[in-house]
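Okay, target_14.txt is below, compact mmCIF, C-alpha atoms and all ligand atoms:
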# COMPACT_ATOMS: atom_id res chain seq x y z
CA MET A 1 65.01 72.55 -8.11
CA LYS A 2 62.96 69.45 -7.25
CA LYS A 3 64.07 66.20 -8.85
CA VAL A 4 61.52 63.66 -10.08
CA LEU A 5 62.90 60.19 -10.77
CA VAL A 6 61.20 57.84 -13.22
CA ALA A 7 62.55 54.40 -12.30
CA THR A 8 61.24 51.70 -14.59
CA GLU A 9 62.87 48.33 -15.01
CA LYS A 10 60.25 47.78 -17.74
CA PRO A 11 60.27 51.18 -19.46
CA PHE A 12 57.30 53.26 -20.54
CA ALA A 13 56.81 53.86 -24.28
CA ALA A 14 59.00 56.77 -25.46
CA LYS A 15 55.90 58.93 -26.03
CA ALA A 16 54.90 58.47 -22.41
CA VAL A 17 58.34 59.52 -21.17
CA LYS A 18 58.12 62.63 -23.35
CA ALA A 19 54.70 63.46 -21.90
CA ILE A 20 55.91 62.91 -18.32
CA ARG A 21 58.94 65.11 -19.01
CA GLU A 22 56.67 67.91 -20.23
CA VAL A 23 54.52 67.84 -17.09
CA VAL A 24 57.58 67.72 -14.81
CA GLU A 25 59.57 70.42 -16.63
CA ASN A 26 56.55 72.73 -17.04
CA ALA A 27 56.25 72.64 -13.27
CA GLY A 28 59.89 73.77 -13.02
CA TYR A 29 61.25 70.41 -11.84
CA GLU A 30 64.03 68.20 -13.21
CA LEU A 31 63.31 64.75 -14.63
CA VAL A 32 65.77 61.97 -13.83
CA LEU A 33 65.43 58.73 -15.82
CA LEU A 34 66.50 55.27 -14.73
CA GLU A 35 65.27 52.74 -17.25
CA LYS A 36 65.96 49.02 -17.73
CA TYR A 37 68.09 48.83 -14.61
CA THR A 38 69.37 45.38 -13.88
CA ASP A 39 70.10 45.41 -10.19
CA LYS A 40 68.67 46.93 -7.07
CA GLU A 41 71.87 48.86 -6.28
CA GLN A 42 71.26 51.05 -9.33
CA LEU A 43 67.83 51.94 -7.99
CA ILE A 44 69.19 52.54 -4.50
CA SER A 45 71.80 54.98 -5.80
CA ALA A 46 69.29 56.72 -8.14
CA VAL A 47 66.87 57.50 -5.31
CA ALA A 48 69.51 59.10 -3.10
CA ASN A 49 68.72 62.76 -3.82
CA VAL A 50 65.30 62.83 -5.48
CA ASP A 51 62.18 64.49 -4.09
CA ALA A 52 59.65 62.36 -5.95
CA MET A 53 59.59 59.15 -7.89
CA ILE A 54 57.41 57.35 -10.39
CA ILE A 55 57.60 53.57 -10.62
CA ARG A 56 55.71 50.71 -12.27
CA SER A 57 56.08 47.20 -10.80
CA ASP A 58 59.50 48.21 -9.52
CA ILE A 59 60.12 47.09 -5.96
CA ALA A 60 60.14 50.00 -3.53
CA ASP A 61 61.00 48.13 -0.36
CA LYS A 62 62.42 49.39 2.94
CA ALA A 63 66.00 49.46 1.61
CA VAL A 64 64.99 51.64 -1.34
CA LEU A 65 62.81 53.95 0.74
CA ASP A 66 65.44 54.30 3.49
CA ALA A 67 68.02 55.26 0.85
CA ALA A 68 65.73 57.98 -0.52
CA LYS A 69 66.57 60.63 2.04
CA ASN A 70 64.78 63.55 0.30
CA LEU A 71 61.81 61.58 -0.99
CA LYS A 72 58.39 63.06 -0.22
CA ILE A 73 56.18 61.18 -2.67
CA ILE A 74 56.25 57.93 -4.61
CA VAL A 75 53.66 57.24 -7.28
CA ARG A 76 53.05 53.79 -8.70
CA ALA A 77 51.94 54.54 -12.28
CA GLY A 78 49.32 51.82 -12.30
CA ALA A 79 46.79 50.10 -10.09
CA GLY A 80 48.45 47.49 -7.85
CA TYR A 81 50.78 48.88 -5.20
CA ASP A 82 51.82 45.59 -3.58
CA ASN A 83 55.37 46.44 -4.74
CA ILE A 84 55.63 49.37 -2.30
CA ASP A 85 56.43 48.77 1.36
CA LEU A 86 53.71 51.06 2.67
CA ALA A 87 54.82 50.81 6.30
CA ALA A 88 58.34 51.92 5.33
CA ALA A 89 56.90 54.77 3.24
CA THR A 90 54.80 55.95 6.18
CA ALA A 91 57.70 55.60 8.59
CA ASN A 92 59.81 57.78 6.28
CA LYS A 93 56.96 60.32 5.90
CA VAL A 94 56.66 59.52 2.21
CA VAL A 95 53.23 59.79 0.58
CA ALA A 96 52.54 56.73 -1.61
CA MET A 97 49.95 56.90 -4.40
CA ASN A 98 48.69 54.85 -7.32
CA THR A 99 46.90 56.01 -10.48
CA PRO A 100 43.73 53.89 -10.48
CA GLY A 101 41.94 53.31 -13.77
CA GLN A 102 44.62 54.78 -16.00
CA ASN A 103 45.87 51.53 -17.49
CA SER A 104 42.74 49.39 -17.01
CA ASN A 105 41.62 49.23 -20.61
CA ALA A 106 44.96 47.79 -21.72
CA VAL A 107 44.68 45.04 -19.09
CA ALA A 108 41.07 44.29 -20.01
CA GLU A 109 41.92 44.01 -23.72
CA LEU A 110 44.78 41.65 -22.91
CA ALA A 111 42.51 39.41 -20.80
CA ILE A 112 39.96 39.09 -23.59
CA GLY A 113 42.66 38.69 -26.24
CA MET A 114 44.27 35.83 -24.32
CA MET A 115 40.86 34.17 -23.84
CA ILE A 116 40.21 34.19 -27.59
CA TYR A 117 43.76 32.99 -28.31
CA MET A 118 43.28 29.97 -26.04
CA ALA A 119 39.74 29.27 -27.24
CA ARG A 120 41.21 29.03 -30.77
CA ASN A 121 43.97 26.64 -29.66
CA LYS A 122 46.66 29.33 -30.00
CA TYR A 123 45.73 29.65 -33.70
CA ASP A 124 47.18 26.25 -34.57
CA GLY A 125 44.68 25.58 -37.36
CA LYS A 126 42.48 23.10 -35.44
CA ALA A 127 38.79 23.83 -34.69
CA GLY A 128 38.51 25.80 -31.48
CA THR A 129 35.60 27.23 -29.54
CA GLU A 130 33.85 30.61 -29.26
CA LEU A 131 33.30 32.84 -26.27
CA ARG A 132 29.73 33.78 -27.20
CA GLU A 133 27.14 32.38 -24.76
CA LYS A 134 29.84 31.09 -22.41
CA THR A 135 29.73 32.15 -18.76
CA LEU A 136 32.35 34.57 -17.44
CA GLY A 137 32.81 35.27 -13.73
CA ILE A 138 34.63 38.44 -12.80
CA HIS A 139 36.35 37.99 -9.46
CA ALA A 140 36.56 41.60 -8.20
CA PHE A 141 34.67 44.24 -10.07
CA GLY A 142 37.09 47.17 -10.01
CA ASN A 143 38.21 49.24 -12.99
CA VAL A 144 39.70 46.29 -14.87
CA GLY A 145 36.98 43.78 -13.97
CA LYS A 146 34.25 46.15 -15.09
CA LEU A 147 35.93 46.75 -18.47
CA ILE A 148 36.51 43.03 -19.04
CA GLY A 149 32.81 42.50 -18.34
CA SER A 150 31.70 45.11 -20.82
CA ILE A 151 33.96 43.83 -23.62
CA ALA A 152 32.81 40.25 -22.86
CA LYS A 153 29.18 41.32 -23.08
CA GLY A 154 29.87 42.82 -26.50
CA ILE A 155 31.13 39.38 -27.55
CA GLY A 156 27.92 37.83 -26.19
CA MET A 157 29.22 36.20 -23.01
CA GLU A 158 27.02 35.84 -19.91
CA VAL A 159 28.80 37.98 -17.34
CA TYR A 160 28.64 37.46 -13.56
CA ALA A 161 30.64 39.20 -10.86
CA PHE A 162 31.53 38.90 -7.20
CA ASP A 163 33.09 41.69 -5.19
CA PRO A 164 32.53 41.98 -1.44
CA PHE A 165 33.50 45.66 -1.54
CA ILE A 166 31.07 46.74 -4.27
CA LYS A 167 27.30 47.04 -3.81
CA LYS A 168 25.17 44.71 -5.91
CA GLU A 169 23.37 47.64 -7.51
CA ASP A 170 26.72 49.03 -8.66
CA ILE A 171 27.63 45.67 -10.20
CA ILE A 172 24.30 45.66 -12.03
CA ALA A 173 24.88 49.27 -13.13
CA GLY A 174 28.31 48.15 -14.37
CA GLY A 175 26.60 45.62 -16.63
CA ALA A 176 27.19 42.32 -14.78
CA THR A 177 24.96 40.01 -12.77
CA PRO A 178 26.08 39.91 -9.12
CA VAL A 179 26.31 36.59 -7.29
CA ASP A 180 26.20 36.10 -3.52
CA SER A 181 29.52 34.43 -2.90
CA VAL A 182 32.86 33.65 -4.43
CA GLU A 183 31.90 29.96 -4.32
CA GLU A 184 28.80 30.63 -6.40
CA LEU A 185 30.86 32.54 -8.97
CA TYR A 186 33.34 29.70 -9.54
CA LYS A 187 30.58 27.07 -9.58
CA LYS A 188 28.59 28.95 -12.19
CA CYS A 189 31.25 30.16 -14.61
CA GLN A 190 33.30 28.33 -17.22
CA TYR A 191 35.65 31.31 -17.46
CA ILE A 192 36.90 33.12 -14.35
CA SER A 193 38.76 36.39 -14.63
CA LEU A 194 40.90 37.12 -11.58
CA ASN A 195 41.08 40.81 -10.79
CA ILE A 196 41.80 40.78 -7.06
CA PRO A 197 44.79 42.67 -5.64
CA ALA A 198 47.63 40.79 -3.92
CA THR A 199 47.17 41.37 -0.19
CA ASP A 200 47.87 39.30 2.92
CA GLN A 201 44.27 38.06 2.67
CA THR A 202 44.30 37.17 -1.04
CA LYS A 203 47.80 35.71 -1.50
CA LYS A 204 47.58 31.96 -2.27
CA SER A 205 43.78 32.18 -1.90
CA ILE A 206 42.92 30.57 -5.26
CA GLY A 207 43.64 26.86 -5.12
CA TYR A 208 42.25 23.44 -5.87
CA LYS A 209 39.30 23.71 -3.48
CA ILE A 210 37.62 26.52 -5.34
CA LEU A 211 38.97 25.81 -8.85
CA SER A 212 37.71 22.22 -8.75
CA THR A 213 34.12 23.47 -8.48
CA MET A 214 34.29 25.16 -11.90
CA PRO A 215 32.19 23.68 -14.72
CA GLU A 216 33.57 21.53 -17.54
CA ASN A 217 36.20 23.16 -19.78
CA ALA A 218 37.11 25.58 -17.03
CA VAL A 219 39.47 28.43 -17.92
CA LEU A 220 41.15 30.63 -15.33
CA VAL A 221 42.37 34.00 -16.61
CA ASN A 222 44.78 35.81 -14.32
CA THR A 223 45.66 39.41 -15.10
CA ALA A 224 45.96 40.20 -11.39
CA ARG A 225 49.06 38.85 -9.63
CA LYS A 226 50.68 35.42 -9.69
CA GLU A 227 50.89 35.58 -5.87
CA VAL A 228 47.11 35.14 -5.46
CA ILE A 229 47.41 31.58 -6.78
CA ASP A 230 48.13 28.62 -4.53
CA GLU A 231 50.45 26.89 -6.99
CA GLU A 232 50.23 23.46 -5.35
CA GLY A 233 46.48 23.64 -5.81
CA LEU A 234 46.92 24.87 -9.37
CA LEU A 235 49.10 21.87 -10.23
CA LYS A 236 46.56 19.54 -8.63
CA MET A 237 43.83 21.13 -10.75
CA PHE A 238 45.92 20.59 -13.92
CA GLU A 239 46.44 16.97 -12.93
CA LEU A 240 42.91 16.04 -11.87
CA ARG A 241 40.98 18.14 -14.37
CA PRO A 242 42.29 17.47 -17.90
CA ASP A 243 39.70 19.93 -19.24
CA PHE A 244 41.21 22.85 -17.27
CA LYS A 245 43.25 25.64 -18.86
CA TYR A 246 45.18 28.47 -17.23
CA ILE A 247 46.01 31.80 -18.83
CA SER A 248 48.14 34.29 -16.97
CA ASP A 249 49.80 37.63 -17.52
CA ILE A 250 53.16 36.48 -16.13
CA ALA A 251 54.06 32.86 -15.49
CA PRO A 252 53.68 31.08 -12.17
CA ASP A 253 56.79 29.86 -10.35
CA CYS A 254 55.80 26.28 -11.23
CA ILE A 255 56.03 27.04 -14.98
CA ALA A 256 58.47 24.18 -15.65
CA ASP A 257 55.99 21.56 -14.36
CA ILE A 258 53.15 22.99 -16.42
CA GLU A 259 55.26 23.35 -19.58
CA SER A 260 56.50 19.80 -19.42
CA LYS A 261 53.24 18.08 -18.46
CA TYR A 262 50.43 20.17 -19.96
CA PRO A 263 51.83 21.91 -23.05
CA ASN A 264 48.50 22.79 -24.67
CA ARG A 265 46.63 23.91 -21.62
CA TYR A 266 48.29 27.19 -20.69
CA PHE A 267 49.42 30.52 -21.99
CA PHE A 268 51.74 32.84 -20.06
CA THR A 269 53.09 36.20 -21.19
CA PRO A 270 56.89 36.33 -21.09
CA LYS A 271 56.81 39.57 -19.08
CA LYS A 272 53.87 41.34 -17.40
CA MET A 273 52.16 42.80 -20.46
CA GLY A 274 48.73 43.90 -19.22
CA ALA A 275 49.49 47.61 -19.02
CA GLN A 276 52.10 47.56 -21.75
CA THR A 277 50.46 49.76 -24.37
CA SER A 278 51.45 53.21 -25.44
CA GLU A 279 48.03 54.55 -24.39
CA ALA A 280 48.20 53.03 -20.91
CA ASN A 281 51.79 54.21 -20.43
CA ILE A 282 50.83 57.74 -21.42
CA ASN A 283 47.69 57.82 -19.28
CA ALA A 284 49.29 56.35 -16.17
CA GLY A 285 52.59 58.23 -16.63
CA ILE A 286 50.95 61.63 -17.09
CA ALA A 287 48.57 60.99 -14.18
CA ALA A 288 51.53 60.09 -11.95
CA ALA A 289 53.48 63.21 -12.97
CA ARG A 290 50.44 65.45 -12.45
CA GLN A 291 49.75 63.91 -9.04
CA ILE A 292 53.33 64.75 -8.02
CA VAL A 293 53.02 68.35 -9.23
CA ASP A 294 49.63 68.79 -7.52
CA PHE A 295 51.04 67.34 -4.33
CA PHE A 296 54.00 69.73 -4.23
CA LYS A 297 52.15 72.82 -5.46
CA LYS A 298 48.74 72.37 -3.80
CA GLY A 299 49.13 69.63 -1.18
CA VAL A 300 46.68 67.35 -3.03
CA THR A 301 46.79 63.80 -1.66
CA THR A 302 44.00 62.14 -3.64
CA PHE A 303 44.93 58.51 -4.39
CA GLN A 304 47.25 58.29 -1.39
CA VAL A 305 47.33 54.63 -0.36
CA ASN A 306 49.32 54.79 2.88
CA LYS A 307 46.93 56.83 5.01
C1 LIG B 1 49.08 47.44 -12.48
O1 LIG B 1 49.00 47.04 -11.31
O2 LIG B 1 48.81 48.61 -12.79
C2 LIG B 1 49.47 46.48 -13.57
O3 LIG B 1 49.80 45.25 -13.04
C3 LIG B 1 50.55 47.01 -14.48
O4 LIG B 1 51.86 46.82 -14.04
P1 LIG B 1 53.11 47.39 -14.87
O5 LIG B 1 53.10 48.86 -14.77
O6 LIG B 1 54.30 46.77 -14.25
O7 LIG B 1 52.95 46.96 -16.30

Mind converting the file's structure to structure tokens?
Amino acid sequence: MKKVLVATEKPFAAKAVKAIREVVENAGYELVLLEKYTDKEQLISAVANVDAMIIRSDIADKAVLDAAKNLKIIVRAGAGYDNIDLAAATANKVVAMNTPGQNSNAVAELAIGMMIYMARNKYDGKAGTELREKTLGIHAFGNVGKLIGSIAKGIGMEVYAFDPFIKKEDIIAGGATPVDSVEELYKKCQYISLNIPATDQTKKSIGYKILSTMPENAVLVNTARKEVIDEEGLLKMFELRPDFKYISDIAPDCIADIESKYPNRYFFTPKKMGAQTSEANINAGIAAARQIVDFFKKGVTTFQVNK
């Protein structure tokens, strides 16, 4: 009987685990659960004899993949797969997949929620500001970026987008106004929503040079990855632009500096919260389980990311 491991340091909602179990057991496979593990050795021993695994932001590096001797498929229940060592997966003949779009709405709602929270001074009772008629630049117009844009339009924001991989007509069809360059986006928009993946090209790519071109009362909203920020540049922006605020789903490494020097100009979630809703857990978890079943039963490799 095939074994499917769900390894989640940050567990899915119980309903999602139940739904995953149903898909796995209906296919005649066994579900193995490793939740809230505290060290990598637990993960390494859990993967030893499983045929498939579902993870979230859990690190599937070479050591983990090398220890998974029977593993044929690993599915990241979510969008970003920067936590999987794709070269090691390929070398071990393991198919790696993600589940694009399944948790996007949760991330988009969090981005907008955090923007309102900051605009209202964290609900401290003082007069804040509104989002209506403010400019929002979506940096990368994928599933999350597109949803953030459509919620923002409902609020009455002016929404612009830049994405070198998406045609301008598709950005327009998605409800945003395309701009020609990333520089133009930052120059034009008071709010910037970061939705780029963490890759070798994007890591540390957002720093003082581009942030400093943002208009007055600039707000950077990061529901992507902390790694895309050049933190030296971020600190310089905090220092030289007292009007600047930074909101991020997960704190930067330089959190202590920001906390001590700029207490009212940031908000960071204590743990990555973007996809942490019951709905997103269920959608992404079920999609991951179904992709595993379809892979074993029918050889389906849609959403493979290590081709
Ligand atoms: C994603 O890439 O799908 C999100 O960052 C969610 O990550 P999580 O599953 O760890 O919450």

Q | Selection as a PyMOL selection string: residues within 6 Å of (40.6, 50.3, -15.6), counting all atoms listed in the file | A | chain A and resi 101+103-105+143-144

(Q) Which residues are near ligand LIG 1 (chain B) in this structure, taking near to mean any atom at most 6 Å from a ligand atom and counting only C-alpha atoms and all ligand atoms? Format them as a PyMOL selection string. (A) chain A and resi 56-57+78-80+272-276

I want to know what sits within 12 Å of Ala173 (chain A), based on only C-alpha atoms, with residues of the same chain fewer than 5 positions away left out; could you give that as a compact mmCIF listing (two decimals) with C-alpha atoms, keeping the file's coordinate frame?
# COMPACT_ATOMS: atom_id res chain seq x y z
CA PHE A 141 34.67 44.24 -10.07
CA LYS A 146 34.25 46.15 -15.09
CA GLY A 149 32.81 42.50 -18.34
CA SER A 150 31.70 45.11 -20.82
CA ALA A 161 30.64 39.20 -10.86
CA ILE A 166 31.07 46.74 -4.27
CA LYS A 167 27.30 47.04 -3.81
CA LYS A 168 25.17 44.71 -5.91
CA PRO A 178 26.08 39.91 -9.12

**Q.** 12 Å contact set for Glu130 (chain A), all atoms listed in the file, chain neighbours under 2 positions out, as a list in words
**A.** Ile112, Met115, Ile116, Tyr117, Met118, Ala119, Arg120, Asn121, Ala127, Gly128, Arg132, Glu133, Lys134, Thr135, Ala152, Ile155, Gly156, Met157 and Tyr191 of chain A

Q) For Val179 (chain A), which of A:Ile196, A:Ile138, A:Ile229, A:Ala91 is the closest residue, counting all atoms listed in the file? A) A:Ile138

Q.
My list of candidates is A:Gly299, A:Phe162, A:Glu35, A:Asp85. Which is closest to Ala13 (chain A) when distances are computed with all atoms listed in the file?
A. A:Glu35

Q: Between A:Asn98, A:Thr223, A:Ala16, A:Asn26, single out the one closest to Phe303 (chain A), counting only C-alpha atoms.
A: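 That would be A:Asn98, the residue with the smallest distance to Phe303 (chain A).
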